[in-house]
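*Asks:* Provided below: work.txt, containing compact mmCIF, C-alpha atoms and all ligand atoms.
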```txt
# COMPACT_ATOMS: atom_id res chain seq x y z
CA MET A 1 20.38 52.93 -7.52
CA SER A 2 23.12 55.29 -8.62
CA ALA A 3 26.77 54.24 -8.74
CA THR A 4 28.76 54.49 -5.53
CA ARG A 5 30.47 57.78 -4.88
CA LEU A 6 33.89 58.37 -3.38
CA LEU A 7 35.25 61.73 -2.21
CA ILE A 8 38.98 62.12 -1.59
CA GLU A 9 40.20 65.27 0.15
CA ALA A 10 43.89 66.16 0.15
CA ASP A 11 46.11 69.10 1.09
CA ARG A 12 47.61 69.10 -2.40
CA ILE A 13 46.34 67.94 -5.79
CA ILE A 14 48.62 67.43 -8.79
CA ASP A 15 46.23 66.96 -11.70
CA GLY A 16 48.71 65.74 -14.34
CA SER A 17 48.24 68.78 -16.61
CA GLY A 18 51.43 70.43 -15.43
CA ALA A 19 49.48 73.23 -13.69
CA PRO A 20 50.65 74.25 -10.21
CA PRO A 21 49.20 72.08 -7.43
CA LEU A 22 45.74 72.85 -6.12
CA HIS A 23 45.65 73.28 -2.34
CA HIS A 24 42.87 71.94 -0.10
CA GLY A 25 41.47 70.08 -3.06
CA ALA A 26 38.99 67.26 -3.52
CA VAL A 27 38.19 64.70 -6.20
CA LEU A 28 34.69 63.25 -6.44
CA VAL A 29 34.40 59.85 -8.11
CA GLU A 30 31.26 58.10 -9.30
CA GLY A 31 31.65 54.43 -10.17
CA GLU A 32 34.99 54.12 -11.94
CA ARG A 33 35.23 57.67 -13.28
CA ILE A 34 36.00 61.13 -11.96
CA LEU A 35 32.96 63.35 -11.58
CA ALA A 36 34.51 66.58 -10.26
CA VAL A 37 37.85 68.08 -9.25
CA GLY A 38 38.17 71.33 -7.29
CA ARG A 39 38.61 73.05 -3.98
CA GLN A 40 37.12 71.29 -0.97
CA ALA A 41 35.05 74.41 -0.31
CA ASP A 42 33.48 74.20 -3.80
CA ILE A 43 32.97 70.42 -4.00
CA GLY A 44 31.53 70.06 -0.49
CA ARG A 45 30.63 66.62 0.83
CA PRO A 46 27.87 65.12 -1.32
CA ASP A 47 25.35 62.90 0.51
CA GLY A 48 26.15 59.22 0.54
CA ALA A 49 29.73 59.58 -0.68
CA ARG A 50 32.44 57.54 1.03
CA ILE A 51 34.90 60.12 2.32
CA VAL A 52 38.64 59.52 2.37
CA THR A 53 40.72 62.24 4.02
CA ALA A 54 44.36 62.04 3.01
CA PRO A 55 46.87 62.48 5.86
CA PRO A 56 48.15 66.03 6.50
CA GLY A 57 50.69 67.12 3.87
CA ALA A 58 49.63 64.38 1.44
CA THR A 59 49.28 64.69 -2.33
CA LEU A 60 46.58 63.27 -4.57
CA MET A 61 47.79 62.64 -8.13
CA PRO A 62 47.00 60.46 -11.15
CA GLY A 63 48.20 56.86 -11.19
CA MET A 64 51.52 56.51 -13.00
CA ALA A 65 52.29 54.45 -16.10
CA ASP A 66 55.48 52.70 -17.20
CA VAL A 67 55.37 52.46 -20.99
CA HIS A 68 58.29 50.09 -21.47
CA VAL A 69 58.22 46.88 -19.44
CA HIS A 70 58.73 43.18 -20.11
CA LEU A 71 56.53 41.34 -17.63
CA ALA A 72 57.68 38.04 -19.09
CA TYR A 73 61.21 38.60 -17.79
CA SER A 74 62.36 38.55 -14.17
CA GLY A 75 64.93 41.36 -14.13
CA ILE A 76 67.77 38.87 -13.70
CA THR A 77 71.03 40.71 -14.37
CA ASN A 78 73.26 38.10 -15.97
CA LYS A 79 72.77 37.36 -19.65
CA ARG A 80 73.41 33.60 -19.44
CA ALA A 81 71.05 33.22 -16.49
CA PHE A 82 68.47 35.24 -18.44
CA ARG A 83 68.71 32.82 -21.36
CA ALA A 84 68.53 29.79 -19.07
CA GLU A 85 65.29 31.10 -17.52
CA LEU A 86 63.83 31.60 -20.95
CA ALA A 87 64.64 28.04 -21.94
CA GLU A 88 63.43 26.46 -18.70
CA LEU A 89 60.04 28.08 -18.24
CA SER A 90 56.93 27.11 -20.17
CA PHE A 91 54.76 29.87 -21.56
CA PRO A 92 52.05 29.28 -18.91
CA ALA A 93 54.75 29.45 -16.21
CA ILE A 94 55.96 32.77 -17.64
CA ALA A 95 52.41 34.14 -17.63
CA LEU A 96 51.73 33.05 -14.04
CA ARG A 97 54.95 34.64 -12.84
CA ALA A 98 54.12 37.81 -14.80
CA ALA A 99 50.82 38.09 -12.88
CA ARG A 100 52.81 38.51 -9.70
CA TYR A 101 55.08 41.12 -11.32
CA ALA A 102 52.07 43.06 -12.63
CA ARG A 103 50.48 43.13 -9.19
CA ASP A 104 53.72 44.25 -7.54
CA THR A 105 54.01 47.12 -10.03
CA LEU A 106 50.40 48.19 -9.42
CA HIS A 107 51.03 48.32 -5.68
CA MET A 108 53.92 50.72 -6.38
CA GLY A 109 51.51 53.23 -7.94
CA PHE A 110 51.67 52.17 -11.59
CA THR A 111 48.06 51.78 -12.70
CA SER A 112 48.98 51.28 -16.38
CA LEU A 113 51.76 49.45 -18.20
CA ARG A 114 52.81 48.86 -21.80
CA ASP A 115 54.35 45.45 -22.32
CA MET A 116 56.97 45.51 -25.05
CA HIS A 117 57.26 41.84 -26.10
CA ALA A 118 56.73 38.47 -24.50
CA PRO A 119 57.56 34.92 -25.62
CA GLY A 120 54.39 33.31 -26.91
CA GLY A 121 52.69 36.70 -26.63
CA VAL A 122 51.51 35.58 -23.19
CA ILE A 123 51.10 39.06 -21.70
CA ILE A 124 48.10 39.51 -24.00
CA ASP A 125 46.42 36.77 -21.93
CA LEU A 126 47.47 38.36 -18.65
CA ALA A 127 46.06 41.73 -19.76
CA ALA A 128 42.77 40.07 -20.72
CA SER A 129 42.60 38.23 -17.40
CA ILE A 130 43.07 41.52 -15.52
CA THR A 131 40.38 43.18 -17.66
CA ARG A 132 37.99 40.31 -16.86
CA GLY A 133 38.67 40.87 -13.14
CA GLU A 134 40.21 37.41 -12.54
CA THR A 135 43.68 38.76 -11.72
CA GLU A 136 44.68 41.91 -9.84
CA GLY A 137 46.92 44.17 -11.86
CA PRO A 138 47.34 47.43 -13.75
CA ARG A 139 45.73 48.19 -17.11
CA ILE A 140 48.09 46.60 -19.63
CA LYS A 141 48.60 47.30 -23.32
CA ALA A 142 50.55 44.41 -24.84
CA CYS A 143 52.17 43.88 -28.25
CA GLY A 144 52.36 40.08 -28.07
CA ARG A 145 55.61 39.14 -29.78
CA GLY A 146 57.95 41.73 -31.27
CA LEU A 147 58.64 41.65 -35.02
CA SER A 148 62.27 41.41 -36.10
CA VAL A 149 64.14 40.46 -39.27
CA THR A 150 65.67 36.99 -39.34
CA GLY A 151 68.83 37.19 -37.24
CA GLY A 152 67.87 40.65 -36.01
CA HIS A 153 67.65 42.25 -32.57
CA MET A 154 64.98 39.86 -31.34
CA ASP A 155 66.11 36.83 -33.34
CA GLN A 156 69.72 36.56 -32.28
CA PRO A 157 71.95 33.56 -32.69
CA GLY A 158 73.86 32.07 -29.77
CA TRP A 159 71.93 28.92 -28.99
CA GLY A 160 73.46 25.63 -30.11
CA ASP A 161 72.26 24.86 -33.63
CA HIS A 162 70.51 21.72 -32.37
CA ALA A 163 68.28 23.88 -30.17
CA GLU A 164 65.01 24.86 -31.70
CA PHE A 165 62.62 27.30 -30.08
CA ARG A 166 59.08 28.05 -31.01
CA ASP A 167 57.33 31.41 -30.76
CA LEU A 168 59.92 33.18 -28.61
CA THR A 169 59.72 36.06 -31.09
CA GLN A 170 58.35 36.51 -34.58
CA PRO A 171 61.01 36.83 -37.30
CA CYS A 172 59.69 38.48 -40.48
CA ASP A 173 61.32 39.37 -43.79
CA GLY A 174 60.22 41.70 -46.55
CA PRO A 175 57.29 44.12 -46.52
CA ASP A 176 54.77 41.30 -46.96
CA GLY A 177 56.42 39.37 -44.15
CA PHE A 178 56.00 42.31 -41.79
CA ARG A 179 52.39 42.81 -42.86
CA THR A 180 51.68 39.18 -42.07
CA GLY A 181 53.62 39.48 -38.81
CA ALA A 182 51.54 42.46 -37.71
CA ARG A 183 48.34 40.66 -38.67
CA ARG A 184 49.35 37.57 -36.67
CA GLU A 185 49.88 39.63 -33.51
CA ILE A 186 46.65 41.51 -34.09
CA LYS A 187 44.81 38.18 -34.49
CA ARG A 188 46.39 37.03 -31.22
CA GLY A 189 44.95 40.13 -29.51
CA ALA A 190 47.78 42.67 -29.53
CA ASP A 191 47.03 46.30 -28.64
CA PHE A 192 49.94 47.70 -30.66
CA ILE A 193 52.81 46.44 -32.82
CA LYS A 194 56.46 46.34 -31.78
CA ILE A 195 59.17 46.38 -34.43
CA ASN A 196 62.96 46.28 -34.17
CA SER A 197 64.32 48.68 -36.76
CA SER A 198 67.83 49.33 -35.38
CA CYS A 199 70.31 46.55 -34.78
CA SER A 200 71.06 45.24 -31.36
CA ALA A 201 73.64 46.82 -29.13
CA ALA A 202 77.13 45.84 -30.17
CA ARG A 203 76.15 43.20 -32.72
CA ILE A 204 78.60 44.61 -35.23
CA PRO A 205 81.56 46.50 -33.72
CA GLY A 206 81.24 50.24 -34.26
CA ARG A 207 77.92 49.98 -36.09
CA TRP A 208 75.63 50.58 -33.17
CA ASP A 209 72.83 52.19 -35.11
CA ARG A 210 72.81 50.05 -38.24
CA GLN A 211 69.36 49.81 -39.85
CA GLU A 212 67.96 46.29 -39.65
CA MET A 213 64.58 46.66 -41.29
CA THR A 214 64.39 48.26 -44.74
CA ASP A 215 62.37 51.44 -45.18
CA ALA A 216 59.73 49.39 -47.03
CA GLU A 217 59.54 46.87 -44.15
CA ILE A 218 59.08 49.64 -41.57
CA ARG A 219 56.44 51.29 -43.73
CA ALA A 220 54.54 48.03 -44.28
CA ALA A 221 54.40 47.22 -40.56
CA CYS A 222 53.27 50.78 -39.75
CA ASP A 223 50.67 50.95 -42.54
CA GLU A 224 49.18 47.64 -41.44
CA ALA A 225 49.04 48.58 -37.75
CA HIS A 226 47.59 52.02 -38.54
CA ALA A 227 44.92 50.45 -40.74
CA TRP A 228 43.78 48.59 -37.59
CA GLY A 229 43.90 51.81 -35.54
CA MET A 230 47.01 50.71 -33.67
CA LYS A 231 50.29 52.39 -32.86
CA VAL A 232 53.75 51.06 -33.69
CA ALA A 233 56.57 51.08 -31.14
CA ALA A 234 60.10 50.72 -32.45
CA HIS A 235 63.25 49.52 -30.74
CA THR A 236 65.85 51.96 -32.03
CA SER A 237 69.39 52.94 -31.31
CA GLY A 238 69.91 56.12 -33.34
CA GLY A 239 71.31 57.62 -36.52
CA ASP A 240 69.86 56.98 -39.99
CA SER A 241 67.93 53.93 -38.77
CA LEU A 242 66.11 56.06 -36.19
CA HIS A 243 65.37 58.77 -38.74
CA ALA A 244 63.99 56.17 -41.17
CA THR A 245 61.85 54.71 -38.36
CA ILE A 246 60.29 58.09 -37.61
CA VAL A 247 59.60 59.19 -41.19
CA ASN A 248 58.21 55.79 -42.17
CA GLY A 249 55.53 55.95 -39.52
CA ALA A 250 56.53 54.60 -36.09
CA ASP A 251 54.51 56.31 -33.36
CA THR A 252 56.91 55.71 -30.47
CA VAL A 253 60.68 55.32 -30.50
CA GLU A 254 62.33 53.39 -27.68
CA HIS A 255 65.89 54.00 -26.39
CA ALA A 256 66.87 56.30 -29.30
CA HIS A 257 70.25 57.15 -27.81
CA PHE A 258 72.18 58.58 -30.72
CA THR A 259 70.51 61.57 -32.34
CA ASP A 260 71.25 64.78 -34.19
CA GLU A 261 69.28 67.91 -35.00
CA ARG A 262 67.60 66.31 -38.02
CA ILE A 263 66.26 63.44 -35.90
CA ILE A 264 65.03 65.67 -33.08
CA GLU A 265 63.27 67.86 -35.68
CA ALA A 266 61.65 64.78 -37.24
CA MET A 267 60.35 63.63 -33.83
CA ALA A 268 58.88 67.06 -33.13
CA LYS A 269 57.35 67.35 -36.61
CA HIS A 270 55.79 63.86 -36.62
CA GLY A 271 54.58 64.03 -32.99
CA THR A 272 56.61 60.90 -32.23
CA PHE A 273 56.64 59.79 -28.60
CA TYR A 274 60.18 59.42 -27.26
CA VAL A 275 60.79 56.77 -24.58
CA PRO A 276 64.43 57.20 -23.51
CA THR A 277 64.49 54.22 -21.06
CA LEU A 278 67.16 55.94 -18.97
CA LEU A 279 66.99 53.48 -16.10
CA VAL A 280 68.03 50.33 -17.94
CA ASN A 281 71.15 51.98 -19.26
CA GLU A 282 72.08 53.39 -15.83
CA ARG A 283 71.36 50.01 -14.27
CA ASN A 284 74.09 48.40 -16.37
CA PHE A 285 76.62 50.39 -14.35
CA ASP A 286 75.46 48.87 -11.05
CA PHE A 287 77.31 45.74 -12.21
CA THR A 288 80.70 44.92 -13.70
CA PRO A 289 80.82 43.76 -17.33
CA GLU A 290 81.75 40.28 -16.01
CA GLU A 291 78.80 40.12 -13.62
CA GLN A 292 76.31 40.90 -16.37
CA GLY A 293 78.13 38.95 -19.09
CA ALA A 294 78.74 41.99 -21.31
CA SER A 295 81.35 41.63 -24.06
CA PRO A 296 84.01 44.35 -24.39
CA GLU A 297 82.14 45.72 -27.43
CA ALA A 298 78.83 45.73 -25.52
CA TRP A 299 80.52 47.58 -22.68
CA ARG A 300 81.83 50.21 -25.11
CA TRP A 301 78.33 50.57 -26.51
CA LEU A 302 76.82 50.95 -23.03
CA ASN A 303 79.27 53.71 -22.14
CA ALA A 304 78.70 55.55 -25.42
CA SER A 305 74.91 55.34 -25.15
CA ARG A 306 75.09 56.49 -21.53
CA LYS A 307 76.75 59.70 -22.69
CA ALA A 308 74.57 60.20 -25.74
CA LYS A 309 71.20 59.68 -24.07
CA TRP A 310 71.49 62.79 -21.85
CA ARG A 311 72.26 64.97 -24.86
CA THR A 312 69.29 63.50 -26.73
CA LEU A 313 66.99 64.07 -23.76
CA GLU A 314 68.04 67.70 -23.47
CA ALA A 315 67.58 68.36 -27.18
CA ALA A 316 64.19 66.62 -27.20
CA ARG A 317 63.00 68.63 -24.20
CA LYS A 318 64.04 71.91 -25.83
CA ALA A 319 62.32 70.96 -29.10
CA GLY A 320 59.04 70.13 -27.34
CA VAL A 321 59.14 66.41 -28.22
CA LYS A 322 56.64 64.26 -26.28
CA ILE A 323 58.81 62.61 -23.61
CA CYS A 324 57.56 59.46 -21.86
CA ALA A 325 58.66 57.43 -18.86
CA GLY A 326 59.54 53.79 -19.52
CA THR A 327 62.14 51.72 -17.72
CA ASP A 328 62.64 48.39 -19.59
CA ALA A 329 61.74 46.66 -16.29
CA GLY A 330 62.14 42.91 -16.58
CA TYR A 331 65.43 43.42 -18.32
CA MET A 332 68.00 43.90 -15.52
CA ILE A 333 65.36 45.73 -13.47
CA PRO A 334 62.93 44.01 -11.05
CA HIS A 335 59.22 44.76 -11.41
CA GLY A 336 57.82 47.19 -8.85
CA PRO A 337 60.45 48.70 -6.59
CA MET A 338 62.49 50.53 -9.25
CA ASN A 339 60.01 51.79 -11.88
CA TRP A 340 59.72 55.19 -10.15
CA ARG A 341 63.43 55.83 -10.73
CA GLU A 342 62.82 56.65 -14.40
CA ILE A 343 61.00 59.78 -13.18
CA GLN A 344 63.95 60.66 -10.97
CA LEU A 345 66.31 60.23 -13.94
CA LEU A 346 64.14 62.46 -16.14
CA VAL A 347 64.64 65.15 -13.49
CA GLN A 348 68.35 64.42 -13.42
CA GLY A 349 68.30 64.91 -17.19
CA GLY A 350 66.84 68.41 -16.97
CA LEU A 351 63.04 68.10 -16.75
CA SER A 352 61.38 69.92 -13.88
CA THR A 353 59.89 67.57 -11.30
CA MET A 354 56.43 68.59 -12.52
CA GLN A 355 57.39 67.87 -16.16
CA ALA A 356 58.69 64.44 -15.16
CA ILE A 357 55.43 63.67 -13.33
CA VAL A 358 53.47 64.80 -16.41
CA ALA A 359 55.59 62.43 -18.53
CA ALA A 360 54.75 59.48 -16.27
CA THR A 361 51.06 60.36 -16.01
CA ALA A 362 49.40 62.44 -18.77
CA THR A 363 51.89 61.88 -21.62
CA ASN A 364 52.29 58.17 -20.91
CA HIS A 365 48.52 57.69 -20.92
CA GLU A 366 48.21 59.69 -24.14
CA LEU A 367 50.66 57.23 -25.70
CA LEU A 368 48.73 54.27 -24.28
CA GLY A 369 45.35 55.58 -25.41
CA ILE A 370 43.97 54.98 -21.91
CA ASP A 371 41.46 57.47 -20.53
CA ALA A 372 43.54 58.25 -17.45
CA GLY A 373 46.71 60.05 -16.37
CA ARG A 374 44.96 63.28 -15.40
CA LEU A 375 42.55 64.18 -12.65
CA GLN A 376 39.80 65.55 -14.84
CA PRO A 377 36.02 64.93 -14.95
CA GLY A 378 35.12 61.98 -17.19
CA LEU A 379 38.46 60.19 -16.92
CA LEU A 380 39.08 56.90 -15.12
CA ALA A 381 39.68 57.33 -11.39
CA ASP A 382 43.19 55.82 -11.41
CA MET A 383 44.83 57.80 -8.60
CA LEU A 384 47.42 57.81 -5.87
CA ILE A 385 47.43 59.30 -2.44
CA VAL A 386 51.07 60.00 -1.68
CA ALA A 387 51.93 60.67 1.96
CA GLY A 388 54.28 63.58 1.23
CA ASP A 389 55.08 65.99 -1.59
CA PRO A 390 56.75 64.44 -4.66
CA LEU A 391 57.57 67.94 -5.94
CA GLU A 392 59.79 68.38 -2.88
CA ASP A 393 61.15 64.84 -2.79
CA ILE A 394 60.51 62.64 -5.81
CA ALA A 395 61.75 59.56 -3.89
CA VAL A 396 58.47 59.46 -2.00
CA LEU A 397 56.98 57.89 -5.17
CA GLY A 398 59.17 54.85 -4.55
CA MET A 399 58.00 54.20 -0.98
CA ARG A 400 55.29 51.59 -0.94
CA ASP A 401 54.09 52.39 2.59
CA ARG A 402 53.52 56.02 1.53
CA LEU A 403 51.23 55.13 -1.39
CA THR A 404 47.53 54.38 -1.51
CA VAL A 405 46.50 53.25 -4.96
CA PHE A 406 43.07 53.55 -6.58
CA LYS A 407 42.22 51.89 -9.89
CA GLY A 408 38.87 52.75 -11.43
CA GLY A 409 37.79 54.29 -8.12
CA ALA A 410 38.54 51.10 -6.16
CA GLU A 411 41.22 51.12 -3.50
CA ILE A 412 43.92 48.47 -4.05
CA THR A 413 44.74 46.80 -0.77
ZN ZN J 1 62.69 46.60 -23.92
```
Can the structure in the file be given as structure tokens, please?
Ligand SMILES: [Zn+2]
*Replies:*
Amino acid sequence: MSATRLLIEADRIIDGSGAPPLHHGAVLVEGERILAVGRQADIGRPDGARIVTAPPGATLMPGMADVHVHLAYSGITNKRAFRAELAELSFPAIALRAARYARDTLHMGFTSLRDMHAPGGVIIDLAASITRGETEGPRIKACGRGLSVTGGHMDQPGWGDHAEFRDLTQPCDGPDGFRTGARREIKRGADFIKINSSCSAARIPGRWDRQEMTDAEIRAACDEAHAWGMKVAAHTSGGDSLHATIVNGADTVEHAHFTDERIIEAMAKHGTFYVPTLLVNERNFDFTPEEQGASPEAWRWLNASRKAKWRTLEAARKAGVKICAGTDAGYMIPHGPMNWREIQLLVQGGLSTMQAIVAATATNHELLGIDAGRLQPGLLADMLIVAGDPLEDIAVLGMRDRLTVFKGGAEIT
């Protein structure tokens, strides 16, 4: 018996390539992959196919991806409450809660996610459970625990010195330390390696883009990951530390607020993926510094990075840098209802609506190395029927009752 076939007909098809929409289109799916994409008149209605007719005016498009999330975190907006949660929950409890967050994000049209660090590396287990079909959720690429120098961005002080935590992150020092760190995460099952090469926001007044990892440490982590066929994602802030991160081999740079011509050129030359995480920075301004527990220096940093990020986005767009959509959901942002807003912010920052959709679909999936993100024969049938036209009103992507989600050709209900 041949695999089951599904035919979806829609008034408008956005295929993720950036080409103008195809009208009166159809996508034929066999099993979990796309078999054909074209005009309804050319595809016809093959015998035995289940036929889904999208409502009038609806759009069929690839499933979206969010390439910067933290499923281990709840999106709680106060720093002290965030730390309390981290101390109170066991790793299994964090993983079980993350399963709910992953499912909520899938239902909002995000068929793929990249998880950018979890205590105990527990999102690796969630991703595997989803792959085995035990848990409903998007396709997840996970890094396990992020690698950071001792006392660095992901190994910050602030707990009482009697408090001892295990495996929240993985501090490493020296090139050999970072090689070992990468190998540990790979042994655990990581899909890529996360490093923290720029210092944390506002750690040292006025030195917002101080380099935390040495060039040799960055290179060692990247060489090791690349030897295993994996990408390296780097938490960065800007300046010399960002430039060093790019030229020493990182494949994706996160945040990357403060840039200049030399940095933009390096990104374009090296084919570095740029994940501006616009939403998390904007989200900070939904709350007062007191509400979120931001120090005066952190507040200055947030304001400065808010200004700088728009300039960086514009320069990157003009230089043809690969721009991705990632929110930092889990950190001040709940999982599911707000992920779409990164696409809206990319448009606010100067991308055309089509370019922003391409960022969240084709470019994001290119970064992830997942065979999806375009409606093209041979690719995974991860798709959305959107009741409306996102090119006219991008906000329709954030309305759950307007979305029908397909993952691997199966409708998510
Ligand atoms: Zn993050």
*Asks:* Could the residues that lie within 8 Å of ligand ZN 1 (chain J), counting only C-alpha atoms and all ligand atoms, be listed as a ChimeraX atom specification?
*Replies:* /A:68-70,116-117,235,254,328-329,331
*Asks:* Counting all atoms listed in the file, note down every residue that has an atom within 12 Å of the point (62.1, 67.5, -14.5) (file coordinates), as an mmCIF file with C-alpha atoms, in the coordinates of the input.
*Replies:*
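As written to disk, out-v1.cif reads:
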```
data_model
loop_
_atom_site.group_PDB
_atom_site.id
_atom_site.type_symbol
_atom_site.label_atom_id
_atom_site.label_comp_id
_atom_site.auth_asym_id
_atom_site.auth_seq_id
_atom_site.Cartn_x
_atom_site.Cartn_y
_atom_site.Cartn_z
ATOM 1 C CA GLY A 18 51.430 70.430 -15.430
ATOM 2 C CA LEU A 313 66.990 64.070 -23.760
ATOM 3 C CA GLU A 314 68.040 67.700 -23.470
ATOM 4 C CA ARG A 317 63.000 68.630 -24.200
ATOM 5 C CA ILE A 323 58.810 62.610 -23.610
ATOM 6 C CA CYS A 324 57.560 59.460 -21.860
ATOM 7 C CA ALA A 325 58.660 57.430 -18.860
ATOM 8 C CA GLU A 342 62.820 56.650 -14.400
ATOM 9 C CA ILE A 343 61.000 59.780 -13.180
ATOM 10 C CA GLN A 344 63.950 60.660 -10.970
ATOM 11 C CA LEU A 345 66.310 60.230 -13.940
ATOM 12 C CA LEU A 346 64.140 62.460 -16.140
ATOM 13 C CA VAL A 347 64.640 65.150 -13.490
ATOM 14 C CA GLN A 348 68.350 64.420 -13.420
ATOM 15 C CA GLY A 349 68.300 64.910 -17.190
ATOM 16 C CA GLY A 350 66.840 68.410 -16.970
ATOM 17 C CA LEU A 351 63.040 68.100 -16.750
ATOM 18 C CA SER A 352 61.380 69.920 -13.880
ATOM 19 C CA THR A 353 59.890 67.570 -11.300
ATOM 20 C CA MET A 354 56.430 68.590 -12.520
ATOM 21 C CA GLN A 355 57.390 67.870 -16.160
ATOM 22 C CA ALA A 356 58.690 64.440 -15.160
ATOM 23 C CA ILE A 357 55.430 63.670 -13.330
ATOM 24 C CA VAL A 358 53.470 64.800 -16.410
ATOM 25 C CA ALA A 359 55.590 62.430 -18.530
ATOM 26 C CA ALA A 360 54.750 59.480 -16.270
ATOM 27 C CA PRO A 390 56.750 64.440 -4.660
ATOM 28 C CA LEU A 391 57.570 67.940 -5.940
ATOM 29 C CA GLU A 392 59.790 68.380 -2.880
ATOM 30 C CA ILE A 394 60.510 62.640 -5.810
#
```
*Asks:* Quick one, how far is atom CA of Glu9 of chain A from atom CA of Thr53 of chain A?
*Replies:*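 Distance reported for this atom pair: 4.9 Å.
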*Asks:* Excluding same-chain residues fewer than 4 positions from Asn196 of chain A, what lies within 7 Å of it counting all atoms listed in the file, as number ranges by chain?
*Replies:* A: 147-148, 153, 234-236
*Asks:* Interatomic distance between atom CA of Ala54 of chain A and atom CA of Arg12 of chain A?
*Replies:*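 Computing the Euclidean distance for atom CA of Ala54 of chain A and atom CA of Arg12 of chain A yields 9.5 Å.
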*Asks:* Could you give me, as a PyMOL selection string, the residues within 6 Å of segment 197-214 of chain A, counting only C-alpha atoms and dropping anything in the same chain fewer than 4 positions from it?
*Replies:* chain A and resi 153+236-239+241+297-298
*Asks:* From the options A:Leu367, A:Ile333, A:Ala142, A:Ala98, which residue's atoms come nearest to Asp251 of chain A, counting all atoms listed in the file?
*Replies:*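 The closest residue to Asp251 of chain A is A:Leu367.
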*Asks:* Give me the residues near Gly326 of chain A as a list in words, where near means some atom within 8 Å (using all atoms listed in the file) and where sequence neighbours in that chain fewer than 4 positions away do not count.
*Replies:*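 My list of contacting residues is Asp66, Val67, His68, Val69, Val275, Pro276, Thr277, Leu278, Asn339 and Glu342 of chain A.
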*Asks:* Excluding Ile193 of chain A and its own-chain neighbours fewer than 6 positions away, which residues fall within 10 Å of it when counting all atoms listed in the file? Please give them as a count of residues only.
*Replies:* 24
*Asks:* Tell me which of A:Asp382, A:Ala99, A:Ile370, A:Gly57 sits closest to Thr135 of chain A, counting all atoms listed in the file.
*Replies:*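 For Thr135 of chain A, the nearest of the candidates is A:Ala99.
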*Asks:* I'd like to know which of A:Val52, A:Val37, A:Ile123, A:Ile246 is closest to Leu6 of chain A, using all atoms listed in the file.
*Replies:*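 Closest to Leu6 of chain A of all the choices is A:Val52.
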